[in-house]
>>> print(open('my_file16.txt').read())   # compact mmCIF, C-alpha atoms
# COMPACT_ATOMS: atom_id res chain seq x y z
CA MET A 8 46.66 14.19 37.54
CA SER A 9 43.86 13.44 35.04
CA TYR A 10 44.53 10.93 32.28
CA GLY A 11 43.95 13.54 29.58
CA LYS A 12 46.53 15.84 31.12
CA TYR A 13 48.97 12.94 31.43
CA ILE A 14 48.57 12.16 27.71
CA ARG A 15 49.10 15.82 26.75
CA ILE A 16 52.29 16.02 28.82
CA LYS A 17 53.57 12.74 27.38
CA ARG A 18 52.90 13.99 23.84
CA GLU A 19 54.74 17.23 24.48
CA GLN A 20 57.66 15.27 25.92
CA ASN A 21 57.80 12.99 22.92
CA HIS A 22 57.07 15.67 20.30
CA ALA A 23 54.60 13.23 18.82
CA PRO A 24 51.66 14.33 16.66
CA GLU A 25 48.16 14.49 18.04
CA TYR A 26 45.12 12.75 16.58
CA PRO A 27 42.40 15.40 16.73
CA PHE A 28 40.04 13.20 14.72
CA ILE A 29 39.90 10.33 17.20
CA LYS A 30 38.68 10.60 20.76
CA ILE A 31 41.27 8.61 22.69
CA LYS A 32 39.86 7.00 25.79
CA THR A 33 42.59 4.77 27.14
CA MET A 34 46.34 4.35 27.03
CA ASP A 35 45.81 1.11 25.11
CA GLN A 36 43.86 2.91 22.38
CA GLU A 37 46.60 5.54 22.11
CA ILE A 38 49.23 2.83 21.62
CA GLU A 39 47.04 0.90 19.17
CA LEU A 40 46.33 3.96 17.09
CA ARG A 41 50.01 4.77 16.78
CA ILE A 42 50.91 1.19 15.92
CA TRP A 43 48.17 1.00 13.27
CA GLU A 44 49.48 4.20 11.71
CA PHE A 45 52.96 2.66 11.76
CA ILE A 46 51.79 -0.62 10.21
CA ASP A 47 49.78 1.21 7.51
CA GLY A 48 52.79 3.43 6.75
CA HIS A 49 50.70 6.54 7.35
CA CYS A 50 52.95 8.13 9.97
CA ASN A 51 55.70 10.66 9.41
CA GLU A 52 59.42 10.08 10.02
CA VAL A 53 59.39 11.47 13.59
CA GLU A 54 56.45 9.31 14.56
CA LYS A 55 57.98 6.30 12.81
CA ALA A 56 61.23 6.71 14.76
CA PHE A 57 59.25 7.13 17.98
CA VAL A 58 57.26 3.91 17.43
CA MET A 59 60.38 1.98 16.45
CA GLN A 60 62.12 3.14 19.61
CA LYS A 61 59.13 2.13 21.72
CA LEU A 62 59.01 -1.29 20.05
CA ALA A 63 62.68 -1.84 20.82
CA GLU A 64 62.40 -0.75 24.46
CA ASN A 65 58.90 -1.52 25.64
CA SER A 66 57.47 -5.04 25.90
CA VAL A 67 53.87 -3.76 26.11
CA TRP A 68 54.30 -1.98 22.78
CA ARG A 69 55.99 -5.05 21.29
CA SER A 70 53.21 -7.42 22.30
CA LYS A 71 50.55 -4.98 21.05
CA TYR A 72 52.45 -4.65 17.77
CA ASN A 73 52.56 -8.43 17.27
CA GLU A 74 48.88 -8.68 18.06
CA LEU A 75 47.89 -5.96 15.57
CA LEU A 76 50.31 -7.20 12.94
CA GLY A 77 48.58 -10.59 13.19
CA VAL A 78 45.19 -9.00 12.47
CA HIS A 79 46.72 -6.90 9.68
CA GLU A 80 48.30 -9.92 7.98
CA LEU A 81 45.13 -11.90 8.38
CA LEU A 82 43.14 -9.12 6.71
CA GLN A 83 45.66 -8.98 3.89
CA LYS A 84 45.32 -12.70 3.29
CA GLN A 85 41.54 -12.52 3.45
CA GLU A 86 39.89 -14.57 0.73
CA LEU A 87 37.30 -13.07 -1.58
CA ASP A 88 33.90 -14.61 -2.08
CA MET A 89 33.15 -15.93 -5.55
CA PRO A 90 29.86 -15.66 -7.40
CA SER A 91 28.38 -18.69 -9.16
CA LEU A 92 30.08 -20.11 -12.26
CA ARG A 93 27.27 -18.76 -14.44
CA PHE A 94 27.87 -15.20 -13.31
CA THR A 95 30.09 -14.08 -16.21
CA LYS A 96 27.78 -15.72 -18.73
CA ASN A 97 24.72 -14.05 -17.19
CA VAL A 98 26.29 -10.60 -17.31
CA MET A 99 27.58 -11.05 -20.88
CA GLU A 100 24.13 -12.21 -21.99
CA GLU A 101 22.52 -9.21 -20.38
CA ILE A 102 24.91 -6.62 -21.79
CA ALA A 103 24.42 -8.12 -25.24
CA GLN A 104 21.03 -6.37 -25.24
CA TYR A 105 22.58 -2.95 -24.69
CA HIS A 106 25.01 -0.51 -26.20
CA VAL A 107 27.42 1.65 -24.25
CA ALA A 108 25.51 4.89 -23.66
CA PRO A 109 27.16 8.05 -25.02
CA ALA A 110 29.14 10.01 -22.43
CA THR A 111 26.92 12.34 -20.40
CA LYS A 112 28.97 15.38 -21.39
CA ASN A 113 28.19 14.66 -25.05
CA TYR A 114 24.45 14.54 -24.80
CA ILE A 115 24.06 17.49 -22.44
CA ASN A 116 23.41 20.10 -25.11
CA LYS A 117 25.13 23.38 -24.34
CA ASN A 118 22.34 25.24 -26.11
CA VAL A 119 19.83 23.84 -23.62
CA ILE A 120 21.96 25.11 -20.73
CA ARG A 121 22.28 28.50 -22.46
CA GLY A 122 18.50 28.56 -23.04
CA ILE A 123 17.79 27.88 -19.35
CA THR A 124 20.27 30.59 -18.34
CA ALA A 125 18.70 33.08 -20.75
CA PHE A 126 15.24 32.19 -19.45
CA PHE A 127 16.14 32.88 -15.83
CA LEU A 128 18.22 35.98 -16.62
CA THR A 129 15.33 37.47 -18.63
CA MET A 130 12.93 36.72 -15.80
CA ILE A 131 15.21 38.28 -13.17
CA ALA A 132 15.99 41.31 -15.35
CA GLY A 133 12.27 41.84 -16.13
CA LEU A 134 11.31 41.78 -12.47
CA PHE A 135 14.25 44.02 -11.54
CA ILE A 136 13.27 46.63 -14.16
CA TYR A 137 9.67 46.52 -13.00
CA PHE A 138 10.59 47.09 -9.37
CA LEU A 139 12.98 49.90 -10.29
CA GLY A 140 10.08 51.54 -12.11
CA GLN A 141 8.03 51.39 -8.92
CA ILE A 142 10.58 53.14 -6.72
CA HIS A 143 9.97 56.83 -5.92
CA TRP A 144 13.35 58.54 -5.75
CA THR A 145 13.37 61.30 -3.10
CA SER A 146 16.09 63.80 -2.26
CA SER A 147 15.57 63.59 1.50
CA SER A 148 13.86 61.14 3.69
CA SER A 149 12.90 61.66 7.29
CA ASN A 150 12.85 58.10 8.56
CA SER A 151 15.05 56.18 6.16
CA LEU A 152 18.77 56.30 5.53
CA LEU A 153 18.18 55.33 1.91
CA PRO A 154 17.46 58.07 -0.68
CA VAL A 155 14.48 56.08 -1.92
CA SER A 156 11.02 55.33 -0.70
CA LEU A 157 9.55 52.01 -1.54
CA ASP A 158 6.20 51.33 0.01
CA ALA A 159 4.89 47.91 -0.88
CA THR A 160 1.32 48.93 0.00
CA LYS A 161 1.44 51.83 -2.46
CA MET A 162 2.87 49.77 -5.31
CA ASN A 163 0.57 49.33 -8.24
CA TRP A 164 0.55 45.56 -8.65
CA SER A 165 -2.09 45.68 -11.38
CA LYS A 166 0.54 47.15 -13.68
CA LEU A 167 2.51 43.95 -13.38
CA LEU A 168 0.24 42.10 -15.76
CA ASN A 169 -1.04 45.04 -17.84
CA ASN A 170 2.31 46.59 -18.62
CA SER A 171 3.37 45.99 -22.23
CA TYR A 172 6.99 45.36 -21.17
CA ILE A 173 5.82 42.58 -18.89
CA ASN A 174 3.76 41.11 -21.70
CA ILE A 175 6.82 41.12 -23.95
CA PHE A 176 8.82 39.46 -21.17
CA LEU A 177 6.18 36.77 -20.71
CA GLY A 178 6.10 36.21 -24.46
CA ILE A 179 9.89 35.72 -24.64
CA SER A 180 9.75 33.35 -21.65
CA ALA A 181 6.98 31.32 -23.31
CA ILE A 182 8.99 31.03 -26.57
CA LEU A 183 12.12 29.98 -24.65
CA GLY A 184 10.05 27.44 -22.71
CA LEU A 185 8.67 25.97 -25.94
CA ILE A 186 12.20 25.76 -27.41
CA LEU A 187 13.37 23.89 -24.30
CA VAL A 188 10.46 21.43 -24.47
CA ASP A 189 11.17 20.87 -28.18
CA LYS A 190 14.88 20.22 -27.51
CA TYR A 191 14.01 17.83 -24.69
CA LEU A 192 11.57 15.84 -26.83
CA GLN A 193 14.04 15.71 -29.74
CA ALA A 194 16.80 14.44 -27.44
CA LYS A 195 14.47 11.79 -26.00
CA LYS A 196 13.48 10.66 -29.51
CA ASN A 197 17.16 10.39 -30.56
CA THR A 198 18.12 8.42 -27.42
CA GLY A 199 15.27 5.98 -28.12
CA ARG A 200 16.56 5.43 -31.68
CA THR A 201 20.14 4.79 -30.51
CA GLU A 202 18.98 2.19 -27.98
CA LEU A 203 17.01 0.36 -30.65
CA MET B 18 44.85 -4.97 -7.87
CA THR B 19 45.50 -7.09 -10.97
CA THR B 20 48.82 -5.91 -12.23
CA THR B 21 49.34 -8.62 -14.81
CA GLY B 22 47.68 -8.73 -18.21
CA GLN B 23 46.22 -5.88 -20.17
CA PRO B 24 45.70 -2.62 -18.25
CA ASP B 25 42.08 -1.71 -17.50
CA GLU B 26 42.21 1.39 -19.71
CA GLU B 27 43.19 -0.67 -22.76
CA ILE B 28 40.36 -3.13 -22.22
CA ILE B 29 37.91 -0.25 -21.74
CA ASN B 30 39.03 1.34 -25.01
CA ARG B 31 38.45 -1.96 -26.78
CA VAL B 32 34.94 -2.19 -25.33
CA LEU B 33 34.22 1.42 -26.27
CA LYS B 34 35.32 0.66 -29.83
CA GLY B 35 32.67 -2.07 -30.00
CA ASP B 36 34.54 -5.16 -28.79
CA GLN B 37 31.83 -6.24 -26.36
CA ALA B 38 33.56 -9.58 -25.65
CA ALA B 39 36.51 -7.71 -24.07
CA TYR B 40 34.20 -6.79 -21.22
CA ALA B 41 34.52 -10.41 -20.04
CA LEU B 42 38.12 -9.57 -19.06
CA ILE B 43 36.90 -6.76 -16.82
CA LEU B 44 34.31 -9.13 -15.38
CA GLU B 45 36.87 -11.81 -14.71
CA ARG B 46 39.18 -9.30 -13.05
CA TYR B 47 36.65 -7.63 -10.74
CA GLN B 48 33.74 -9.99 -10.19
CA ASN B 49 35.08 -11.41 -6.91
CA TYR B 50 35.85 -7.94 -5.50
CA VAL B 51 32.42 -6.60 -6.43
CA PHE B 52 30.65 -9.73 -5.24
CA THR B 53 32.44 -9.67 -1.87
CA LEU B 54 31.61 -5.99 -1.40
CA VAL B 55 27.96 -6.59 -2.23
CA LEU B 56 27.82 -9.61 0.05
CA ARG B 57 28.79 -7.36 2.97
CA PHE B 58 25.56 -5.47 2.38
CA THR B 59 23.09 -8.22 1.67
CA GLU B 60 24.43 -11.39 3.34
CA ASN B 61 22.35 -13.33 0.84
CA ARG B 62 24.19 -14.88 -2.08
CA GLU B 63 21.22 -14.73 -4.45
CA ASP B 64 20.61 -11.05 -3.82
CA ALA B 65 24.33 -10.39 -3.96
CA GLU B 66 24.62 -12.02 -7.39
CA GLU B 67 21.66 -10.04 -8.66
CA ILE B 68 23.15 -6.77 -7.40
CA ALA B 69 26.65 -7.59 -8.65
CA GLN B 70 25.18 -8.37 -12.06
CA ASP B 71 23.34 -5.05 -12.00
CA VAL B 72 26.61 -3.28 -11.09
CA PHE B 73 28.42 -4.72 -14.11
CA VAL B 74 25.56 -3.92 -16.48
CA LYS B 75 25.40 -0.33 -15.17
CA ALA B 76 29.17 -0.02 -15.45
CA TYR B 77 29.03 -1.31 -19.02
CA ARG B 78 26.29 1.09 -20.06
CA SER B 79 28.05 4.11 -18.58
CA LEU B 80 31.57 3.08 -19.55
CA ALA B 81 31.90 6.15 -21.75
CA ASP B 82 31.54 8.26 -18.60
CA PHE B 83 34.70 6.77 -17.09
CA ARG B 84 37.13 9.61 -17.69
CA GLY B 85 40.19 7.89 -16.28
CA ASP B 86 40.86 10.55 -13.65
CA SER B 87 40.59 7.84 -10.98
CA LYS B 88 41.38 4.14 -10.99
CA PHE B 89 38.78 2.02 -12.79
CA SER B 90 38.35 -0.02 -9.60
CA THR B 91 37.49 3.16 -7.64
CA TRP B 92 34.88 4.08 -10.26
CA LEU B 93 33.46 0.54 -10.26
CA PHE B 94 33.33 0.34 -6.45
CA THR B 95 31.48 3.67 -6.37
CA ILE B 96 28.84 2.17 -8.67
CA THR B 97 28.81 -0.92 -6.43
CA ARG B 98 28.15 1.11 -3.32
CA THR B 99 25.40 3.26 -4.84
CA THR B 100 23.73 0.19 -6.34
CA CYS B 101 23.83 -1.58 -2.98
CA LEU B 102 22.38 1.43 -1.20
CA SER B 103 19.55 1.84 -3.68
CA PHE B 104 18.85 -1.89 -3.56
CA LEU B 105 18.61 -1.76 0.23
CA ARG B 106 16.38 1.30 0.04
CA LYS B 107 14.15 -0.39 -2.52
CA LYS B 108 13.83 -3.65 -0.66
CA LYS B 109 13.89 -1.98 2.75
CA LEU B 110 15.90 -4.93 3.94
CA ASP B 111 15.80 -5.38 7.71
CA THR B 112 16.00 -2.22 9.74
CA LEU B 113 19.72 -2.20 10.12
CA SER B 114 21.47 1.11 9.98
CA LEU B 115 24.58 1.12 7.83
CA ASP B 116 26.57 2.51 10.72
CA ASN B 117 25.31 0.12 13.34
CA GLU B 118 26.69 -3.23 14.14
CA ARG B 119 24.44 -6.17 13.65
CA THR B 120 22.68 -6.62 16.94
CA GLY B 121 19.75 -8.37 18.58
CA ILE B 122 18.24 -11.62 17.41
CA GLN B 123 20.19 -11.65 14.18
CA VAL B 124 23.53 -11.59 15.99
CA GLU B 125 22.37 -14.07 18.59
CA ASN B 126 21.44 -16.47 15.80
CA ARG B 127 24.73 -15.86 14.11
CA GLU B 128 26.62 -16.40 17.32
CA SER B 129 24.96 -19.71 18.05
CA GLY B 130 25.56 -20.68 14.45
CA PHE B 131 29.18 -19.65 14.68
CA ASN B 132 29.74 -21.61 17.86
CA ALA B 133 28.26 -24.69 16.20
CA ASN B 134 30.35 -24.13 13.13
CA LEU B 135 33.54 -23.54 15.02
CA VAL B 136 34.25 -27.23 15.33
CA GLU B 137 34.01 -27.67 11.57
CA GLN B 138 35.46 -24.42 10.39
CA LYS B 139 38.76 -23.95 12.06
CA SER B 140 40.50 -22.14 9.30
CA LYS B 141 41.69 -18.63 9.89
CA HIS B 142 39.92 -17.38 6.81
CA ALA B 143 36.59 -18.78 7.81
CA MET B 144 37.05 -17.16 11.21
CA LEU B 145 37.92 -13.83 9.65
CA ASN B 146 34.99 -13.94 7.26
CA GLN B 147 32.63 -14.77 10.09
CA ALA B 148 34.01 -11.97 12.24
CA ILE B 149 33.71 -9.49 9.34
CA ALA B 150 30.13 -10.63 8.75
CA MET B 151 29.35 -9.54 12.31
CA LEU B 152 30.43 -5.97 11.60
CA SER B 153 28.22 -3.25 10.15
CA PRO B 154 28.15 -3.12 6.31
CA ASP B 155 30.08 0.16 6.41
CA ASP B 156 32.85 -1.25 8.64
CA ALA B 157 33.08 -4.39 6.52
CA GLN B 158 33.23 -2.34 3.35
CA VAL B 159 36.01 -0.06 4.61
CA LEU B 160 38.08 -3.11 5.53
CA ASN B 161 37.44 -4.78 2.18
CA LEU B 162 38.24 -1.70 0.15
CA PHE B 163 41.44 -1.02 2.08
CA TYR B 164 42.78 -4.55 2.29
CA LYS B 165 41.38 -6.32 -0.75
CA GLY B 166 40.25 -3.52 -3.06
CA ASP B 167 43.69 -1.91 -3.04
CA GLN B 168 42.14 1.51 -2.41
CA THR B 169 43.87 4.38 -0.63
CA LEU B 170 42.13 6.41 2.07
CA GLU B 171 41.46 9.13 -0.52
CA GLU B 172 39.96 6.63 -2.94
CA ILE B 173 37.78 5.08 -0.25
CA GLY B 174 36.71 8.63 0.58
CA LYS B 175 35.62 9.10 -3.04
CA ILE B 176 33.68 5.83 -3.03
CA MET B 177 31.95 6.47 0.28
CA ARG B 178 31.70 10.24 -0.21
CA LEU B 179 33.66 10.88 2.95
CA ASP B 180 36.67 12.94 3.91
CA PRO B 181 39.92 10.87 3.95
CA ASN B 182 40.36 11.68 7.65
CA THR B 183 36.90 10.30 8.37
CA VAL B 184 37.84 7.19 6.40
CA LYS B 185 40.96 6.88 8.55
CA VAL B 186 38.82 7.00 11.69
CA LYS B 187 36.34 4.51 10.21
CA LEU B 188 39.16 2.15 9.25
CA HIS B 189 40.68 2.36 12.71
CA ARG B 190 37.33 1.73 14.40
CA ALA B 191 36.46 -1.10 12.00
CA ARG B 192 39.72 -2.88 12.80
CA GLN B 193 39.16 -2.28 16.48
CA ARG B 194 35.65 -3.76 16.30
CA LEU B 195 36.90 -6.68 14.24
CA LYS B 196 39.60 -7.38 16.81
CA ASP B 197 37.01 -7.19 19.60
CA LYS B 198 34.75 -9.64 17.77
CA MET B 199 37.63 -12.04 17.15
CA GLU B 200 38.75 -11.83 20.78
CA LYS B 201 35.21 -12.45 21.95
CA TYR B 202 34.23 -15.29 19.64
CA PHE B 203 37.47 -16.74 18.30
CA ALA B 204 39.91 -16.39 21.18
CA ASN B 205 41.46 -19.83 20.65
CA GLU B 206 42.05 -19.29 16.93
CA LEU B 207 43.58 -15.89 17.66
CA ARG B 208 45.97 -17.44 20.11
CA GLU B 209 47.00 -19.92 17.44
CA ILE B 210 47.65 -17.06 15.01
CA HIS B 211 49.84 -15.23 17.52
CA THR B 212 51.85 -18.36 18.27
CA ASP B 213 52.34 -19.11 14.53
>>> encode(input="my_file16.txt", output="C-alpha cells")
Amino acid sequence: MSYGKYIRIKREQNHAPEYPFIKIKTMDQEIELRIWEFIDGHCNEVEKAFVMQKLAENSVWRSKYNELLGVHELLQKQELDMPSLRFTKNVMEEIAQYHVAPATKNYINKNVIRGITAFFLTMIAGLFIYFLGQIHWTSSSSNSLLPVSLDATKMNWSKLLNNSYINIFLGISAILGLILVDKYLQAKKNTGRTEL
Amino acid sequence: MTTTGQPDEEIINRVLKGDQAAYALILERYQNYVFTLVLRFTENREDAEEIAQDVFVKAYRSLADFRGDSKFSTWLFTITRTTCLSFLRKKKLDTLSLDNERTGIQVENRESGFNANLVEQKSKHAMLNQAIAMLSPDDAQVLNLFYKGDQTLEEIGKIMRLDPNTVKVKLHRARQRLKDKMEKYFANELREIHTD
C-alpha cells in the first residue's frame, strides 16, 4: 500500500480534517503539523480531542509534542533587538520638521474624479456615436447573421476629424483637460503651503 | 502587545490634535518590534536603524490615514515591510531572494562564526536569534510577527499581502526550518532545553 493511500485511510478512520494547503511528505510531518495546530489553538474540537487522545496513548506523539512545545516556548520568550539609545531622539528631531499630512481621502478632490469620469465617458460616447453613424443598416444580409453591414475598408475615416460633432467633442475634452491640469496645479500649490 | 498604559488610539488622537511629543510614547512602545523586524531584512544595525527611523517618520506623516479598522501595530508593520522592501530594492542588497534561505558563502561564514561563538554564547536566546538569522527574511518575519508582534494569521496576511492560509503554511514551514537549523547547529543546547 502506498504511503499516500495509508494516510487517506487513516484520516477516514479518525475523521480528522485534511490539510489541502500543505503537501505532506512523511508521517512525521503529518504528526508535527497536527501538533503545531494544537499548540497554536487553531484546530477544531474534534481535532483537539484526537490530538489529546494521541498524546495520552502514543509515546511518539508525546515526545514530538514536547519537542515542538520547547521550540514554541522558546519563540515566545524570544528577546527583541533594541536600537541605539539615540533612536527616539533622532526620530523626534526628524518629525519636528514635519506636520501630519492630511488624510488621503480629504485631499482627493471628488470633482477631479468626476472630471476624469466625464472626460472618458464623453470620449467613449463620442466614438460610439461616430461608429453608429458609419454603420449601414440592411434588412437582409447574405453572409452575416447580423442585420448590419460594417465594412472597415469602406468607412470614411476622413470624416472623423472633419465632422463638426467630433470637433465639439475634442473641444469639450480639451476644456476638461485644462480644468484637470488647473486643479492639479492648485492642489500642488496648496500642499506646498501647508508643508511650509 | 503593550496592554498597559494609554491605548494606541488615544495617543494617536493626541498626536493628530498637535501634541507631537505624544509620538514618543508610540516610539517607545514599538521601536524594538520595528527594529527587530527590520533587522531580519538587513542584518546590519546601521541600516536597520536608518530604515526603522524612516518607518516612524513615514508613520507619523501619514498618521491621519490610520482609520483604526485594524490594530495600529498591523498598520505600522505594513509600513515597516514596504519600507524594508523598497530599501532593499533601492540598495539592491546582495542577491538574496526573500523566499530563499541564506545560502552559499554567507551561510558558511555565519556557520563558522556561530561555531566560534558557541563557546561564548550559550544562552538559549542567543541560539534562537542566531538560528532565526539563518532563515530567509520572510520566514524570520513571519515568526517575529506571530510570536513577538502579537499578530494573528489574518493580520500577518494583511501585512504581507498574503492569504491567511498561505501565512499558515509559511508559519509552519518557517518553524520547521528553524527547528532543522537548531537541530543541525545547536543540538546540544536543544537537548538542554528538552531536559529543562
>>> closest_residue(input="my_file16.txt", among="B:Tyr202, B:Tyr40, B:Phe104, B:Phe94", to="chain A", atoms="only C-alpha atoms")
B:Tyr40
>>> atom_distance(input="my_file16.txt", atom1="CA of Leu81 in chain A", atom2="CA of Arg190 in chain B")
16.8 Å
>>> residues_around(input="my_file16.txt", residues="range 71-73 of chain A", least_positions_apart="5", cutoff="9 Å", atoms="all atoms listed in the file", output="compact mmCIF listing (two decimals) with C-alpha atoms, keeping the file's coordinate frame")
# COMPACT_ATOMS: atom_id res chain seq x y z
CA ASP A 35 45.81 1.11 25.11
CA ILE A 38 49.23 2.83 21.62
CA GLU A 39 47.04 0.90 19.17
CA ILE A 42 50.91 1.19 15.92
CA TRP A 43 48.17 1.00 13.27
CA ILE A 46 51.79 -0.62 10.21
CA LEU A 62 59.01 -1.29 20.05
CA SER A 66 57.47 -5.04 25.90
CA VAL A 78 45.19 -9.00 12.47
CA HIS B 211 49.84 -15.23 17.52
>>> closest_residue(input="my_file16.txt", among="A:Arg41, A:Lys190, A:Lys196, A:Lys55", to="chain B", atoms="all atoms listed in the file")
A:Arg41
>>> interface_residues(input="my_file16.txt", of="chain B", to="chain A", cutoff="7 Å", atoms="all atoms listed in the file", output="VMD selection string")
chain B and resid 41 44 49 to 50 52 to 53 66 70 74 77 to 82 142 164 to 165 186 210 to 211
>>> atom_distance(input="my_file16.txt", atom1="CA of Asn65 in chain A", atom2="CA of Glu37 in chain A")
14.6 Å
>>> atom_distance(input="my_file16.txt", atom1="CA of Leu188 in chain B", atom2="CA of Ser153 in chain B")
12.2 Å
>>> residues_around(input="my_file16.txt", residues="Gly184 in chain A", least_positions_apart="6", cutoff="10 Å", atoms="only C-alpha atoms", output="JSON, numbers by chain")
{"A": [122, 123, 126, 178, 190]}
>>> residues_around(input="my_file16.txt", residues="range 98-103 of chain B", least_positions_apart="5", cutoff="12 Å", atoms="only C-alpha atoms", output="VMD selection string")
chain B and resid 51 to 60 64 to 76 91 to 93 108 to 110 114 to 115 154 to 155 158 to 159 162 173 175 to 178
>>> closest_residue(input="my_file16.txt", among="B:Leu33, B:Ile96, B:Met199, B:Ala157", to="Lys187 in chain B", atoms="only C-alpha atoms")
B:Ala157
